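Shown next: query23.cif, given as mmCIF, C-alpha atoms.
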data_input
loop_
_atom_site.label_atom_id
_atom_site.label_comp_id
_atom_site.auth_asym_id
_atom_site.auth_seq_id
_atom_site.Cartn_x
_atom_site.Cartn_y
_atom_site.Cartn_z
CA MET A 58 18.94 56.35 -80.89
CA GLY A 59 22.67 56.47 -81.21
CA THR A 60 24.28 54.79 -84.15
CA PHE A 61 24.14 51.20 -85.30
CA HIS A 62 27.15 49.99 -83.30
CA ASP A 63 25.10 48.19 -80.69
CA ASN A 64 28.14 46.57 -79.10
CA LEU A 65 29.39 49.97 -77.90
CA GLY A 66 26.45 50.76 -75.65
CA ALA A 67 23.41 52.99 -75.74
CA LEU A 68 25.40 56.23 -75.51
CA HIS A 69 27.64 55.50 -78.50
CA GLY A 70 27.46 58.46 -80.87
CA ILE A 71 25.54 60.62 -78.40
CA THR A 72 26.88 63.95 -77.14
CA VAL A 73 27.08 63.68 -73.38
CA VAL A 74 28.01 65.60 -70.26
CA VAL A 75 30.42 63.66 -68.08
CA GLU A 76 30.53 64.91 -64.50
CA LEU A 77 33.82 64.30 -62.70
CA THR A 78 34.68 63.60 -59.09
CA ASP A 79 36.83 66.77 -58.99
CA GLY A 80 33.85 68.97 -59.93
CA GLY A 81 34.81 69.36 -63.57
CA VAL A 82 32.63 68.46 -66.53
CA ILE A 83 33.45 67.18 -69.99
CA VAL A 84 31.19 67.56 -73.00
CA GLY A 85 31.89 65.29 -75.92
CA ARG A 86 30.57 62.63 -78.24
CA CYS A 87 30.56 59.31 -76.45
CA HIS A 88 32.34 56.45 -78.15
CA GLU A 89 32.14 54.02 -75.27
CA ALA A 90 31.09 54.17 -71.65
CA THR A 91 31.91 51.26 -69.37
CA ASP A 92 32.64 50.90 -65.66
CA GLU A 93 36.33 51.04 -66.50
CA GLN A 94 36.43 54.09 -68.76
CA VAL A 95 34.61 56.65 -70.85
CA LEU A 96 36.01 57.42 -74.28
CA LEU A 97 34.86 60.68 -75.86
CA HIS A 98 35.51 62.34 -79.19
CA ASP A 99 35.49 66.07 -79.98
CA ALA A 100 35.45 66.95 -76.31
CA ASP A 101 35.76 70.07 -74.21
CA VAL A 102 36.67 70.15 -70.52
CA HIS A 103 35.41 72.72 -68.05
CA HIS A 104 36.65 73.38 -64.55
CA GLU A 105 35.01 76.28 -62.80
CA ALA A 106 38.33 77.51 -61.40
CA ASP A 107 39.90 77.76 -64.86
CA GLY A 108 37.07 79.31 -66.83
CA GLU A 109 35.22 82.57 -66.95
CA LEU A 110 31.91 80.75 -66.78
CA SER A 111 30.37 79.01 -63.82
CA ARG A 112 29.64 75.34 -64.32
CA ALA A 113 25.91 76.07 -64.58
CA ASP A 114 26.43 78.79 -67.20
CA TYR A 115 28.87 76.62 -69.14
CA LEU A 116 26.32 73.81 -69.31
CA LYS A 117 23.52 76.19 -70.31
CA ARG A 118 25.64 77.55 -73.14
CA ALA A 119 26.68 74.04 -74.17
CA ALA A 120 23.05 72.93 -74.20
CA GLN A 121 22.11 75.80 -76.49
CA TRP A 122 25.08 75.95 -78.82
CA GLY A 123 27.31 72.93 -78.25
CA VAL A 124 31.01 73.30 -77.46
CA PHE A 125 34.22 74.07 -79.28
CA ALA A 126 36.09 70.77 -79.13
CA LYS A 127 39.58 71.08 -77.69
CA HIS A 128 40.33 67.36 -77.62
CA LYS A 129 39.94 65.07 -80.61
CA SER A 130 39.69 62.13 -78.22
CA LEU A 131 39.63 61.97 -74.45
CA ARG A 132 39.71 58.92 -72.19
CA VAL A 133 38.47 59.22 -68.61
CA ALA A 134 38.91 56.52 -65.99
CA GLY A 135 35.61 55.18 -64.74
CA ASP A 136 36.41 55.94 -61.10
CA GLN A 137 36.67 59.66 -61.96
CA VAL A 138 33.13 59.77 -63.34
CA THR A 139 30.12 60.52 -61.19
CA GLN A 140 27.43 60.86 -63.84
CA ILE A 141 26.88 60.79 -67.59
CA THR A 142 23.92 62.67 -69.10
CA PRO A 143 23.04 63.26 -72.76
CA LEU A 144 23.61 66.95 -73.49
CA GLY A 145 20.24 67.04 -75.23
CA GLN A 146 18.60 66.46 -71.84
CA ILE A 147 20.18 69.58 -70.30
CA GLU A 148 17.97 72.68 -70.22
CA ALA A 149 19.41 75.48 -72.35
CA ASN A 150 17.48 78.25 -70.58
CA MET B 223 39.10 61.91 -94.83
CA PRO B 224 36.11 62.14 -97.17
CA TYR B 225 33.99 59.06 -97.82
CA PRO B 226 33.64 57.69 -101.37
CA GLU B 227 31.36 59.89 -103.43
CA GLU B 228 29.22 56.95 -104.55
CA MET B 229 28.32 56.43 -100.91
CA CYS B 230 27.46 60.08 -100.35
CA ALA B 231 25.55 60.75 -103.54
CA PRO B 232 22.23 59.37 -102.22
CA MET B 233 22.66 61.44 -99.06
CA ARG B 234 23.02 64.55 -101.19
CA ALA B 235 20.15 63.59 -103.48
CA GLU B 236 17.81 63.08 -100.53
CA LEU B 237 18.01 66.84 -100.02
CA THR B 238 18.45 68.22 -103.53
CA GLN B 239 15.42 66.24 -104.70
CA ILE B 240 13.24 68.17 -102.27
CA GLY B 241 14.56 71.57 -103.24
CA PHE B 242 17.71 72.10 -101.20
CA GLU B 243 20.43 74.02 -102.99
CA GLU B 244 23.71 72.22 -102.47
CA LEU B 245 26.68 74.45 -101.63
CA ARG B 246 29.68 72.45 -102.75
CA ALA B 247 32.31 75.17 -103.09
CA ALA B 248 33.24 78.30 -101.18
CA ASP B 249 32.00 80.40 -104.09
CA ASP B 250 28.59 78.72 -103.86
CA VAL B 251 28.47 79.67 -100.19
CA ALA B 252 29.48 83.25 -100.82
CA GLN B 253 26.80 83.57 -103.46
CA PHE B 254 24.21 82.17 -101.07
CA MET B 255 25.28 84.21 -98.05
CA ASP B 256 26.59 87.55 -99.20
CA GLY B 257 23.95 90.22 -99.25
CA ALA B 258 21.31 87.67 -98.30
CA THR B 259 17.86 88.97 -97.56
CA GLY B 260 14.80 87.14 -96.32
CA SER B 261 14.79 83.85 -94.46
CA ALA B 262 16.99 80.86 -95.09
CA MET B 263 17.85 77.46 -93.64
CA ILE B 264 21.13 75.59 -94.02
CA LEU B 265 21.51 71.94 -93.08
CA PHE B 266 25.01 70.73 -92.32
CA ASN B 267 24.68 67.26 -93.79
CA SER B 268 26.75 64.34 -92.49
CA VAL B 269 27.38 60.67 -93.19
CA CYS B 270 26.43 59.71 -89.64
CA GLY B 271 23.35 57.83 -88.52
CA CYS B 272 21.64 60.80 -86.92
CA ALA B 273 21.77 62.68 -90.24
CA ALA B 274 20.21 59.70 -92.01
CA GLY B 275 17.66 58.78 -89.38
CA ASN B 276 16.83 62.15 -87.88
CA ALA B 277 18.13 65.33 -89.55
CA ARG B 278 17.37 64.72 -93.23
CA PRO B 279 13.91 63.26 -92.59
CA ALA B 280 13.18 66.14 -90.20
CA VAL B 281 14.00 68.91 -92.66
CA ALA B 282 12.04 67.07 -95.34
CA LEU B 283 9.00 67.05 -93.07
CA ALA B 284 9.52 70.66 -92.03
CA ILE B 285 9.75 72.13 -95.52
CA GLY B 286 6.50 70.38 -96.38
CA ASN B 287 4.92 72.98 -94.13
CA GLU B 288 3.20 75.90 -95.82
CA GLN B 289 5.30 78.40 -93.91
CA LYS B 290 8.98 77.78 -94.57
CA PRO B 291 12.18 79.73 -95.23
CA ASP B 292 12.53 81.57 -98.52
CA ARG B 293 15.65 79.57 -99.37
CA VAL B 294 16.99 76.20 -98.19
CA ALA B 295 20.51 74.97 -98.72
CA THR B 296 22.84 72.25 -97.55
CA VAL B 297 26.55 71.79 -97.16
CA PHE B 298 28.15 68.38 -96.61
CA ALA B 299 30.44 68.42 -93.57
CA GLY B 300 33.47 66.17 -93.94
CA GLN B 301 32.93 65.92 -97.69
CA ASP B 302 32.86 69.45 -99.06
CA VAL B 303 35.37 70.77 -96.57
CA GLU B 304 36.07 74.17 -98.10
CA ALA B 305 32.39 74.97 -98.47
CA THR B 306 31.67 73.83 -94.92
CA GLU B 307 34.45 76.00 -93.52
CA LYS B 308 33.16 78.93 -95.53
CA VAL B 309 29.65 78.61 -94.11
CA ARG B 310 31.05 78.32 -90.60
CA SER B 311 33.12 81.44 -91.14
CA TYR B 312 29.90 83.44 -91.17
CA PHE B 313 29.10 82.20 -87.63
CA PRO B 314 32.44 82.18 -85.82
CA ASP B 315 30.84 82.07 -82.37
CA VAL B 316 28.88 78.92 -83.15
CA PRO B 317 30.71 75.67 -82.39
CA PRO B 318 31.03 73.36 -85.41
CA SER B 319 28.51 70.55 -85.33
CA SER B 320 27.17 68.11 -87.86
CA PRO B 321 24.52 67.36 -88.58
CA SER B 322 23.15 70.71 -87.52
CA ILE B 323 20.64 73.22 -88.80
CA VAL B 324 20.95 77.00 -89.00
CA LEU B 325 18.05 79.35 -89.59
CA MET B 326 18.78 82.89 -90.69
CA LYS B 327 17.03 86.13 -91.43
CA ASP B 328 18.77 88.67 -93.64
CA GLY B 329 21.99 86.69 -93.25
CA GLN B 330 21.92 86.72 -89.45
CA ILE B 331 21.52 83.52 -87.48
CA THR B 332 18.22 83.35 -85.60
CA HIS B 333 17.97 79.69 -84.58
CA TYR B 334 20.48 76.90 -84.27
CA VAL B 335 19.85 73.18 -83.90
CA PRO B 336 23.17 71.52 -83.04
CA ARG B 337 23.80 67.82 -83.32
CA HIS B 338 22.94 67.08 -79.70
CA MET B 339 19.41 68.41 -80.28
CA ILE B 340 19.08 66.03 -83.23
CA GLU B 341 20.49 62.88 -81.63
CA GLY B 342 17.85 60.70 -80.09
CA ARG B 343 14.95 62.86 -81.28
CA ASP B 344 12.54 61.52 -83.82
CA PRO B 345 12.22 63.43 -87.11
CA GLN B 346 8.70 64.66 -86.35
CA THR B 347 9.80 66.21 -83.06
CA ILE B 348 12.67 68.03 -84.77
CA ALA B 349 10.40 69.06 -87.63
CA ASN B 350 7.83 70.48 -85.20
CA ALA B 351 10.52 72.60 -83.58
CA LEU B 352 11.66 73.80 -87.00
CA VAL B 353 8.13 74.69 -88.04
CA GLY B 354 7.79 76.72 -84.84
CA ALA B 355 11.01 78.50 -85.72
CA PHE B 356 9.78 79.13 -89.27
CA ALA B 357 6.74 80.86 -87.79
CA GLU B 358 8.96 83.00 -85.60
CA LEU B 359 11.04 83.92 -88.63
CA ALA B 360 7.89 84.95 -90.42
CA GLY B 361 6.71 86.92 -87.40
CA THR B 362 3.69 84.72 -86.80
CA GLY B 363 5.02 82.39 -84.11
CA GLU B 364 4.35 82.36 -80.37
CA ALA B 365 7.56 84.21 -79.52
CA ALA B 366 6.79 86.83 -82.15
CA ALA B 367 3.25 87.22 -80.81
CA GLU B 368 4.58 87.88 -77.30
CA LYS B 369 6.71 90.82 -78.46
#
Full structure transcribed into structure tokens:
Amino acid sequence: MGTFHDNLGALHGITVVVELTDGGVIVGRCHEATDEQVLLHDADVHHEADGELSRADYLKRAAQWGVFAKHKSLRVAGDQVTQITPLGQIEAN
Amino acid sequence: MPYPEEMCAPMRAELTQIGFEELRAADDVAQFMDGATGSAMILFNSVCGCAAGNARPAVALAIGNEQKPDRVATVFAGQDVEATEKVRSYFPDVPPSSPSIVLMKDGQITHYVPRHMIEGRDPQTIANALVGAFAELAGTGEAAAEK
């Protein structure tokens, strides 16, 4: 169950992992996910090359603790997205 | 920006009526946290739907269990900003999240249930996880038994 804004899709209000075509991942609270775009709030972006953590370790940590949001809002074009998964479905261990 | 208090009052009462101490100011938090001994639970309350539908009902179910933390408290994220920041200052490595639930022993965090573990889960499922954590805090849970 997300929130009561049914017109914004099933993922509205849910914290999700957005996997990107360039190998990066974004964790944030989904406002809207359509074929055209994904709009996230309180989001953090991880690219393996930039961070000290591997993508797998980053996601494990995110699944256990959440993330420190670095972006109040973040809009991603739909053609850059390969998959969207609720963070609550990611194994923390 | 905080929501009108008349809207939030029932959300506060839902918790205080079942025994949660409400931490509305930084001083309240300091009094609760500093020199704390024993077990405690803090719920970061929120105006959002997953606080109403999942988090508050879950903690209500959980504290109905015989084994529960010595003290239970709540702070209202987005409403009592100073108090919320003060609680978070005790756990600087934990990303802010609301609603969320912190369990502590002797002032140290032992379990954390961030928002994404509350979203989409029914209250009973969350409560069952909390009750398991209460048992671990008391040294009677499965994880404690394995040690």
message = Please find the residues of chain A near chain B - the criterion being any atom within 12 Å, counting all atoms listed in the file - and write them as a PyMOL selection string.
response = chain A and resi 58-62+67-74+84-87+99-101+118-127+142-149
Atoms kept (C-alpha atoms) for selection, written as a short mmCIF file (atom, residue, chain, number, x, y, z; two decimals), in the frame of the given file:
data_model
loop_
_atom_site.label_atom_id
_atom_site.label_comp_id
_atom_site.auth_asym_id
_atom_site.auth_seq_id
_atom_site.Cartn_x
_atom_site.Cartn_y
_atom_site.Cartn_z
CA MET A 58 18.94 56.35 -80.89
CA GLY A 59 22.67 56.47 -81.21
CA THR A 60 24.28 54.79 -84.15
CA PHE A 61 24.14 51.20 -85.30
CA HIS A 62 27.15 49.99 -83.30
CA ALA A 67 23.41 52.99 -75.74
CA LEU A 68 25.40 56.23 -75.51
CA HIS A 69 27.64 55.50 -78.50
CA GLY A 70 27.46 58.46 -80.87
CA ILE A 71 25.54 60.62 -78.40
CA THR A 72 26.88 63.95 -77.14
CA VAL A 73 27.08 63.68 -73.38
CA VAL A 74 28.01 65.60 -70.26
CA VAL A 84 31.19 67.56 -73.00
CA GLY A 85 31.89 65.29 -75.92
CA ARG A 86 30.57 62.63 -78.24
CA CYS A 87 30.56 59.31 -76.45
CA ASP A 99 35.49 66.07 -79.98
CA ALA A 100 35.45 66.95 -76.31
CA ASP A 101 35.76 70.07 -74.21
CA ARG A 118 25.64 77.55 -73.14
CA ALA A 119 26.68 74.04 -74.17
CA ALA A 120 23.05 72.93 -74.20
CA GLN A 121 22.11 75.80 -76.49
CA TRP A 122 25.08 75.95 -78.82
CA GLY A 123 27.31 72.93 -78.25
CA VAL A 124 31.01 73.30 -77.46
CA PHE A 125 34.22 74.07 -79.28
CA ALA A 126 36.09 70.77 -79.13
CA LYS A 127 39.58 71.08 -77.69
CA THR A 142 23.92 62.67 -69.10
CA PRO A 143 23.04 63.26 -72.76
CA LEU A 144 23.61 66.95 -73.49
CA GLY A 145 20.24 67.04 -75.23
CA GLN A 146 18.60 66.46 -71.84
CA ILE A 147 20.18 69.58 -70.30
CA GLU A 148 17.97 72.68 -70.22
CA ALA A 149 19.41 75.48 -72.35
#
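The gap separating CA of Tyr115 (chain A) from CA of Lys129 (chain A) is 19.7 Å, in Å to one decimal.
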Residue list as a list in words for point (34.7, 56.2, -68.6), cut-off 8 Å, all atoms listed in the file =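 Result, sorted by chain then residue number: Glu89, Ala90, Thr91, Asp92, Glu93, Gln94, Val95, Leu96, Arg132, Val133, Ala134, Gly135, Asp136, Gln137 and Val138 of chain A.
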Ground truth for the PyMOL selection byres ((chain B and resi 251) around 10), written as a PDB file with C-alpha atoms, in the coordinates of the input:
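Dumped everything to selection00.pdb:
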ATOM      1  CA  GLU B 244      23.710  72.220-102.470  1.00  0.00           C
ATOM      2  CA  LEU B 245      26.680  74.450-101.630  1.00  0.00           C
ATOM      3  CA  ARG B 246      29.680  72.450-102.750  1.00  0.00           C
ATOM      4  CA  ALA B 247      32.310  75.170-103.090  1.00  0.00           C
ATOM      5  CA  ALA B 248      33.240  78.300-101.180  1.00  0.00           C
ATOM      6  CA  ASP B 249      32.000  80.400-104.090  1.00  0.00           C
ATOM      7  CA  ASP B 250      28.590  78.720-103.860  1.00  0.00           C
ATOM      8  CA  ALA B 252      29.480  83.250-100.820  1.00  0.00           C
ATOM      9  CA  GLN B 253      26.800  83.570-103.460  1.00  0.00           C
ATOM     10  CA  PHE B 254      24.210  82.170-101.070  1.00  0.00           C
ATOM     11  CA  MET B 255      25.280  84.210 -98.050  1.00  0.00           C
ATOM     12  CA  ASP B 256      26.590  87.550 -99.200  1.00  0.00           C
ATOM     13  CA  ALA B 295      20.510  74.970 -98.720  1.00  0.00           C
ATOM     14  CA  THR B 296      22.840  72.250 -97.550  1.00  0.00           C
ATOM     15  CA  VAL B 297      26.550  71.790 -97.160  1.00  0.00           C
ATOM     16  CA  GLU B 304      36.070  74.170 -98.100  1.00  0.00           C
ATOM     17  CA  ALA B 305      32.390  74.970 -98.470  1.00  0.00           C
ATOM     18  CA  THR B 306      31.670  73.830 -94.920  1.00  0.00           C
ATOM     19  CA  GLU B 307      34.450  76.000 -93.520  1.00  0.00           C
ATOM     20  CA  LYS B 308      33.160  78.930 -95.530  1.00  0.00           C
ATOM     21  CA  VAL B 309      29.650  78.610 -94.110  1.00  0.00           C
ATOM     22  CA  TYR B 312      29.900  83.440 -91.170  1.00  0.00           C
TER      23      TYR B 312
END
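Atom to atom, CA of Gly66 (chain A) and CA of Leu97 (chain A) stand 13.0 Å apart.
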Would you compute the box with edges along x, y and z of the file around region 100-116 of chain A, including every atom the file lists for it and 4 Å extra on each side, and give its centre and edge lengths in Å to one decimal, as lines of an AutoDock Vina configuration file?
center_x = 32.9
center_y = 74.8
center_z = -68.9
size_x = 22.0
size_y = 23.6
size_z = 22.9
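Between CA of Ala351 (chain B) and CA of Cys230 (chain B) lies a distance of 26.9 Å.
Using all atoms listed in the file, the smallest distance between any of B:Gln330, B:Gln346, B:Thr362, B:Thr259 and Pro279 (chain B) comes from B:Gln346.
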query = What's the 10 Å shell around Pro291 (chain B), counting all atoms listed in the file, without same-chain residues fewer than 3 positions away, as number ranges by chain?
reply = B: 260-264, 284-285, 287-288, 294, 325-327, 353, 355-357, 359-360
request  = I need the residue set behind the PyMOL selection byres ((chain A and resi 79) around 10) for this file; please write it as a PyMOL selection string.
outcome  = chain A and resi 76-78+80-82+104+137-139
task = Taking the file above as input, evaluate the PyMOL selection byres ((chain B and resi 223) around 12) and report the hits as a PyMOL selection string.
result = chain B and resi 224-227+269+299-303
Kindly add all heavy atoms to the incomplete region 78-89 of chain A and provide the output as a PDB file, in the frame of the given file.
ATOM      1  N   THR A  78      34.573  63.564 -60.555  1.00  0.00           N
ATOM      2  CA  THR A  78      34.680  63.600 -59.090  1.00  0.00           C
ATOM      3  C   THR A  78      35.330  64.895 -58.597  1.00  0.00           C
ATOM      4  O   THR A  78      35.080  65.334 -57.483  1.00  0.00           O
ATOM      5  CB  THR A  78      35.504  62.405 -58.576  1.00  0.00           C
ATOM      6  OG1 THR A  78      36.735  62.382 -59.302  1.00  0.00           O
ATOM      7  CG2 THR A  78      34.758  61.095 -58.783  1.00  0.00           C
ATOM      8  N   ASP A  79      36.161  65.534 -59.429  1.00  0.00           N
ATOM      9  CA  ASP A  79      36.830  66.770 -58.990  1.00  0.00           C
ATOM     10  C   ASP A  79      35.991  68.018 -59.266  1.00  0.00           C
ATOM     11  O   ASP A  79      36.468  69.141 -59.112  1.00  0.00           O
ATOM     12  CB  ASP A  79      38.206  66.897 -59.657  1.00  0.00           C
ATOM     13  CG  ASP A  79      38.126  67.128 -61.161  1.00  0.00           C
ATOM     14  OD1 ASP A  79      36.994  67.196 -61.704  1.00  0.00           O
ATOM     15  OD2 ASP A  79      39.186  67.242 -61.796  1.00  0.00           O
ATOM     16  N   GLY A  80      34.738  67.838 -59.694  1.00  0.00           N
ATOM     17  CA  GLY A  80      33.850  68.970 -59.930  1.00  0.00           C
ATOM     18  C   GLY A  80      33.840  69.451 -61.368  1.00  0.00           C
ATOM     19  O   GLY A  80      33.001  70.269 -61.750  1.00  0.00           O
ATOM     20  N   GLY A  81      34.774  68.972 -62.164  1.00  0.00           N
ATOM     21  CA  GLY A  81      34.810  69.360 -63.570  1.00  0.00           C
ATOM     22  C   GLY A  81      33.749  68.644 -64.387  1.00  0.00           C
ATOM     23  O   GLY A  81      33.117  67.683 -63.914  1.00  0.00           O
ATOM     24  N   VAL A  82      33.540  69.141 -65.601  1.00  0.00           N
ATOM     25  CA  VAL A  82      32.630  68.460 -66.530  1.00  0.00           C
ATOM     26  C   VAL A  82      33.311  68.380 -67.900  1.00  0.00           C
ATOM     27  O   VAL A  82      34.099  69.248 -68.269  1.00  0.00           O
ATOM     28  CB  VAL A  82      31.266  69.174 -66.688  1.00  0.00           C
ATOM     29  CG1 VAL A  82      30.434  69.034 -65.438  1.00  0.00           C
ATOM     30  CG2 VAL A  82      31.422  70.612 -67.096  1.00  0.00           C
ATOM     31  N   ILE A  83      32.971  67.348 -68.619  1.00  0.00           N
ATOM     32  CA  ILE A  83      33.450  67.180 -69.990  1.00  0.00           C
ATOM     33  C   ILE A  83      32.227  67.024 -70.871  1.00  0.00           C
ATOM     34  O   ILE A  83      31.291  66.303 -70.528  1.00  0.00           O
ATOM     35  CB  ILE A  83      34.332  65.922 -70.132  1.00  0.00           C
ATOM     36  CG1 ILE A  83      35.489  65.957 -69.126  1.00  0.00           C
ATOM     37  CG2 ILE A  83      34.875  65.807 -71.549  1.00  0.00           C
ATOM     38  CD1 ILE A  83      36.295  64.658 -69.090  1.00  0.00           C
ATOM     39  N   VAL A  84      32.238  67.738 -71.989  1.00  0.00           N
ATOM     40  CA  VAL A  84      31.190  67.560 -73.000  1.00  0.00           C
ATOM     41  C   VAL A  84      31.853  66.987 -74.237  1.00  0.00           C
ATOM     42  O   VAL A  84      32.851  67.534 -74.724  1.00  0.00           O
ATOM     43  CB  VAL A  84      30.491  68.898 -73.339  1.00  0.00           C
ATOM     44  CG1 VAL A  84      29.479  68.701 -74.466  1.00  0.00           C
ATOM     45  CG2 VAL A  84      29.796  69.469 -72.106  1.00  0.00           C
ATOM     46  N   GLY A  85      31.318  65.897 -74.732  1.00  0.00           N
ATOM     47  CA  GLY A  85      31.890  65.290 -75.920  1.00  0.00           C
ATOM     48  C   GLY A  85      30.993  64.192 -76.455  1.00  0.00           C
ATOM     49  O   GLY A  85      29.992  63.818 -75.820  1.00  0.00           O
ATOM     50  N   ARG A  86      31.350  63.702 -77.603  1.00  0.00           N
ATOM     51  CA  ARG A  86      30.570  62.630 -78.240  1.00  0.00           C
ATOM     52  C   ARG A  86      31.065  61.289 -77.725  1.00  0.00           C
ATOM     53  O   ARG A  86      32.235  60.960 -77.872  1.00  0.00           O
ATOM     54  CB  ARG A  86      30.695  62.724 -79.762  1.00  0.00           C
ATOM     55  CG  ARG A  86      29.678  61.892 -80.519  1.00  0.00           C
ATOM     56  CD  ARG A  86      29.729  62.128 -82.013  1.00  0.00           C
ATOM     57  NE  ARG A  86      30.933  61.591 -82.614  1.00  0.00           N
ATOM     58  CZ  ARG A  86      31.995  62.310 -82.983  1.00  0.00           C
ATOM     59  NH1 ARG A  86      32.005  63.628 -82.816  1.00  0.00           N
ATOM     60  NH2 ARG A  86      33.049  61.746 -83.523  1.00  0.00           N
ATOM     61  N   CYS A  87      30.176  60.557 -77.104  1.00  0.00           N
ATOM     62  CA  CYS A  87      30.560  59.310 -76.450  1.00  0.00           C
ATOM     63  C   CYS A  87      30.874  58.224 -77.479  1.00  0.00           C
ATOM     64  O   CYS A  87      30.067  57.962 -78.376  1.00  0.00           O
ATOM     65  CB  CYS A  87      29.427  58.850 -75.531  1.00  0.00           C
ATOM     66  SG  CYS A  87      29.833  57.378 -74.599  1.00  0.00           S
ATOM     67  N   HIS A  88      32.031  57.629 -77.333  1.00  0.00           N
ATOM     68  CA  HIS A  88      32.340  56.450 -78.150  1.00  0.00           C
ATOM     69  C   HIS A  88      31.974  55.197 -77.370  1.00  0.00           C
ATOM     70  O   HIS A  88      31.348  54.283 -77.894  1.00  0.00           O
ATOM     71  CB  HIS A  88      33.824  56.432 -78.523  1.00  0.00           C
ATOM     72  CG  HIS A  88      34.196  55.224 -79.342  1.00  0.00           C
ATOM     73  ND1 HIS A  88      33.920  55.149 -80.685  1.00  0.00           N
ATOM     74  CD2 HIS A  88      34.774  54.041 -78.998  1.00  0.00           C
ATOM     75  CE1 HIS A  88      34.329  53.975 -81.144  1.00  0.00           C
ATOM     76  NE2 HIS A  88      34.840  53.284 -80.145  1.00  0.00           N
ATOM     77  N   GLU A  89      32.377  55.204 -76.099  1.00  0.00           N
ATOM     78  CA  GLU A  89      32.140  54.020 -75.270  1.00  0.00           C
ATOM     79  C   GLU A  89      32.092  54.446 -73.810  1.00  0.00           C
ATOM     80  O   GLU A  89      32.902  55.262 -73.374  1.00  0.00           O
ATOM     81  CB  GLU A  89      33.278  53.019 -75.490  1.00  0.00           C
ATOM     82  CG  GLU A  89      33.090  51.710 -74.774  1.00  0.00           C
ATOM     83  CD  GLU A  89      34.273  50.773 -75.001  1.00  0.00           C
ATOM     84  OE1 GLU A  89      35.408  51.264 -75.179  1.00  0.00           O
ATOM     85  OE2 GLU A  89      34.058  49.572 -74.999  1.00  0.00           O
TER      86      GLU A  89
END
